[in-house]
Amino acid sequence: MALKERIGTVVSDKMDKTVVVAVINRYPHPTYKKIVSRTTRYKAHDPENTCVLGDRVKIRESRPLSAHKRWAIEEILNKTSQNKEVKK
């Protein structure tokens with residue numbers, strides 16, 4: 001079975017080794033045919049704390065790493081120009 005992959009934007013990097021990635025799913029409404037956007041937020045594992053707010057990333061499904069963390073960062077597609085402070 002292939003692992004699922006999603007592409008989204010980092011919306012929070014305040015946790016240690018974890019980022020929150022928002023994935024936007026666009027689909028036509030079944031009755032009205034207007035394009036509707038639905039946002040899903042995933043907690044993803046970032047072991048080196050390399051992702052910062054606004055980065056575009058690819059995440060993949062992984063084993064359960066905590067109570068809510070089921071995804072891991074596979075690669076950073078677009079890096080933002082923010083300077084990341086050192087977490088202590």
# chains A, B, ... in the order shown; residues from 1 in each chain; ligands from 1
>>> residues_around(residues="Ser12 (chain A)", least_positions_apart="3", cutoff="6 Å", atoms="only C-alpha atoms", output="PDB file with N, CA and C atoms, in the first residue's frame")
ATOM      1  N   VAL A  19       5.358  20.710  13.230  1.00  0.00           N
ATOM      2  CA  VAL A  19       4.779  21.866  12.550  1.00  0.00           C
ATOM      3  C   VAL A  19       3.343  21.530  12.190  1.00  0.00           C
ATOM      4  N   VAL A  20       2.521  22.569  12.038  1.00  0.00           N
ATOM      5  CA  VAL A  20       1.147  22.388  11.594  1.00  0.00           C
ATOM      6  C   VAL A  20       1.096  22.826  10.135  1.00  0.00           C
ATOM      7  N   LEU A  53       7.338  29.394   9.412  1.00  0.00           N
ATOM      8  CA  LEU A  53       6.009  29.849   9.019  1.00  0.00           C
ATOM      9  C   LEU A  53       6.001  30.291   7.558  1.00  0.00           C
TER      10      LEU A  53
END
>>> residues_around(residues="Ala22 (chain A)", least_positions_apart="3", cutoff="7 Å", atoms="only C-alpha atoms", output="list in words")
Gly8, Thr9, Val10, Val11, Thr39, Thr40, Arg41 and Tyr42 of chain A
>>> residues_around(residues="Asp13 (chain A)", least_positions_apart="4", cutoff="10 Å", atoms="only C-alpha atoms", output="JSON, numbers by chain")
{"A": [17, 18, 19, 20, 21, 43, 46, 49, 50, 51, 52, 53, 54, 84]}
>>> write_last_selection(atoms="N, CA and C atoms", output="compact mmCIF listing (two decimals), in the first residue's frame")
# COMPACT_ATOMS: atom_id res chain seq x y z
N LYS A 17 9.97 20.11 17.21
CA LYS A 17 9.96 18.98 16.28
C LYS A 17 8.60 18.71 15.65
N THR A 18 7.70 19.68 15.68
CA THR A 18 6.38 19.53 15.08
C THR A 18 5.98 20.83 14.40
N VAL A 19 5.36 20.71 13.23
CA VAL A 19 4.78 21.87 12.55
C VAL A 19 3.34 21.53 12.19
N VAL A 20 2.52 22.57 12.04
CA VAL A 20 1.15 22.39 11.59
C VAL A 20 1.10 22.83 10.14
N VAL A 21 0.62 21.92 9.28
CA VAL A 21 0.57 22.17 7.84
C VAL A 21 -0.90 22.25 7.41
N LYS A 43 -0.71 17.85 11.79
CA LYS A 43 0.51 18.00 12.57
C LYS A 43 1.55 17.06 11.98
N ASP A 46 8.88 17.26 12.26
CA ASP A 46 9.99 18.02 11.68
C ASP A 46 11.18 17.87 12.63
N ASN A 49 13.67 20.85 13.10
CA ASN A 49 13.06 22.18 13.21
C ASN A 49 13.50 23.09 12.06
N THR A 50 13.48 22.57 10.84
CA THR A 50 13.93 23.34 9.68
C THR A 50 12.82 24.17 9.05
N CYS A 51 11.58 23.80 9.24
CA CYS A 51 10.45 24.52 8.62
C CYS A 51 10.11 25.77 9.43
N VAL A 52 9.78 26.83 8.69
CA VAL A 52 9.33 28.07 9.33
C VAL A 52 7.97 28.44 8.77
N LEU A 53 7.34 29.39 9.41
CA LEU A 53 6.01 29.85 9.02
C LEU A 53 6.00 30.29 7.56
N GLY A 54 5.07 29.78 6.77
CA GLY A 54 4.94 30.18 5.38
C GLY A 54 5.61 29.25 4.38
N LYS A 84 14.77 32.25 11.33
CA LYS A 84 14.22 31.47 12.42
C LYS A 84 15.08 31.67 13.67
>>> select_by_dssp(residues="region 36-67 of chain A", states="strand (DSSP E)", output="JSON list (two decimals) with C-alpha atoms, in the first residue's frame")
[["chain", "number", "residue", "atom", "x", "y", "z"],
["A", 36, "VAL", "CA", -15.41, 25.25, -2.74],
["A", 37, "SER", "CA", -12.22, 25.26, -0.64],
["A", 38, "ARG", "CA", -11.82, 23.15, 2.46],
["A", 39, "THR", "CA", -8.74, 23.48, 4.67],
["A", 40, "THR", "CA", -7.40, 20.56, 6.68],
["A", 41, "ARG", "CA", -4.64, 21.01, 9.25],
["A", 42, "TYR", "CA", -2.13, 18.22, 9.84],
["A", 43, "LYS", "CA", 0.51, 18.00, 12.57],
["A", 44, "ALA", "CA", 3.72, 16.83, 10.93],
["A", 45, "HIS", "CA", 7.05, 15.66, 12.35],
["A", 56, "ARG", "CA", 5.46, 25.22, 1.21],
["A", 57, "VAL", "CA", 6.11, 21.57, 2.12],
["A", 58, "LYS", "CA", 5.31, 18.03, 1.05],
["A", 59, "ILE", "CA", 4.19, 15.74, 3.88],
["A", 60, "ARG", "CA", 3.78, 11.97, 3.86],
["A", 61, "GLU", "CA", 1.83, 9.57, 6.01]]
>>> atom_distance(atom1="CA of Lys79 (chain A)", atom2="CA of Lys4 (chain A)")
22.5 Å
>>> atom_distance(atom1="CA of Leu3 (chain A)", atom2="CA of Pro47 (chain A)")
19.4 Å
>>> closest_residue(among="A:Lys34, A:Asn78, A:Pro64, A:Pro28", to="Ile7 (chain A)", atoms="only C-alpha atoms")
A:Asn78
>>> decode(residues="region 26-43 of chain A", atoms="N, CA and C atoms", output="PDB file, in the first residue's frame")
ATOM      1  N   ARG A  26      -9.673  21.761  -3.014  1.00  0.00           N
ATOM      2  CA  ARG A  26     -10.661  22.482  -3.822  1.00  0.00           C
ATOM      3  C   ARG A  26     -11.466  21.477  -4.628  1.00  0.00           C
ATOM      4  N   TYR A  27     -12.801  21.611  -4.581  1.00  0.00           N
ATOM      5  CA  TYR A  27     -13.672  20.681  -5.282  1.00  0.00           C
ATOM      6  C   TYR A  27     -14.964  21.401  -5.661  1.00  0.00           C
ATOM      7  N   PRO A  28     -15.657  20.957  -6.709  1.00  0.00           N
ATOM      8  CA  PRO A  28     -16.925  21.595  -7.063  1.00  0.00           C
ATOM      9  C   PRO A  28     -18.051  21.133  -6.143  1.00  0.00           C
ATOM     10  N   HIS A  29     -18.899  22.075  -5.751  1.00  0.00           N
ATOM     11  CA  HIS A  29     -20.055  21.736  -4.927  1.00  0.00           C
ATOM     12  C   HIS A  29     -20.970  20.800  -5.726  1.00  0.00           C
ATOM     13  N   PRO A  30     -21.473  19.726  -5.093  1.00  0.00           N
ATOM     14  CA  PRO A  30     -22.240  18.742  -5.864  1.00  0.00           C
ATOM     15  C   PRO A  30     -23.515  19.286  -6.523  1.00  0.00           C
ATOM     16  N   THR A  31     -24.168  20.249  -5.897  1.00  0.00           N
ATOM     17  CA  THR A  31     -25.404  20.785  -6.467  1.00  0.00           C
ATOM     18  C   THR A  31     -25.164  22.043  -7.288  1.00  0.00           C
ATOM     19  N   TYR A  32     -24.396  22.993  -6.726  1.00  0.00           N
ATOM     20  CA  TYR A  32     -24.269  24.313  -7.337  1.00  0.00           C
ATOM     21  C   TYR A  32     -23.058  24.451  -8.256  1.00  0.00           C
ATOM     22  N   LYS A  33     -22.162  23.483  -8.242  1.00  0.00           N
ATOM     23  CA  LYS A  33     -20.982  23.441  -9.127  1.00  0.00           C
ATOM     24  C   LYS A  33     -19.987  24.569  -8.917  1.00  0.00           C
ATOM     25  N   LYS A  34     -20.152  25.349  -7.856  1.00  0.00           N
ATOM     26  CA  LYS A  34     -19.168  26.381  -7.534  1.00  0.00           C
ATOM     27  C   LYS A  34     -17.962  25.704  -6.881  1.00  0.00           C
ATOM     28  N   ILE A  35     -16.769  26.220  -7.135  1.00  0.00           N
ATOM     29  CA  ILE A  35     -15.568  25.653  -6.531  1.00  0.00           C
ATOM     30  C   ILE A  35     -15.532  26.048  -5.061  1.00  0.00           C
ATOM     31  N   VAL A  36     -15.417  25.048  -4.183  1.00  0.00           N
ATOM     32  CA  VAL A  36     -15.407  25.247  -2.741  1.00  0.00           C
ATOM     33  C   VAL A  36     -14.039  24.839  -2.223  1.00  0.00           C
ATOM     34  N   SER A  37     -13.509  25.589  -1.258  1.00  0.00           N
ATOM     35  CA  SER A  37     -12.223  25.263  -0.644  1.00  0.00           C
ATOM     36  C   SER A  37     -12.448  24.759   0.768  1.00  0.00           C
ATOM     37  N   ARG A  38     -11.781  23.684   1.104  1.00  0.00           N
ATOM     38  CA  ARG A  38     -11.824  23.154   2.461  1.00  0.00           C
ATOM     39  C   ARG A  38     -10.386  23.000   2.940  1.00  0.00           C
ATOM     40  N   THR A  39     -10.080  23.538   4.115  1.00  0.00           N
ATOM     41  CA  THR A  39      -8.737  23.477   4.666  1.00  0.00           C
ATOM     42  C   THR A  39      -8.668  22.425   5.758  1.00  0.00           C
ATOM     43  N   THR A  40      -7.658  21.567   5.662  1.00  0.00           N
ATOM     44  CA  THR A  40      -7.403  20.562   6.678  1.00  0.00           C
ATOM     45  C   THR A  40      -6.020  20.824   7.258  1.00  0.00           C
ATOM     46  N   ARG A  41      -5.921  20.757   8.582  1.00  0.00           N
ATOM     47  CA  ARG A  41      -4.639  21.011   9.255  1.00  0.00           C
ATOM     48  C   ARG A  41      -4.069  19.702   9.770  1.00  0.00           C
ATOM     49  N   TYR A  42      -2.814  19.431   9.412  1.00  0.00           N
ATOM     50  CA  TYR A  42      -2.126  18.223   9.838  1.00  0.00           C
ATOM     51  C   TYR A  42      -0.933  18.602  10.703  1.00  0.00           C
ATOM     52  N   LYS A  43      -0.711  17.855  11.790  1.00  0.00           N
ATOM     53  CA  LYS A  43       0.512  18.001  12.574  1.00  0.00           C
ATOM     54  C   LYS A  43       1.549  17.057  11.980  1.00  0.00           C
TER      55      LYS A  43
END
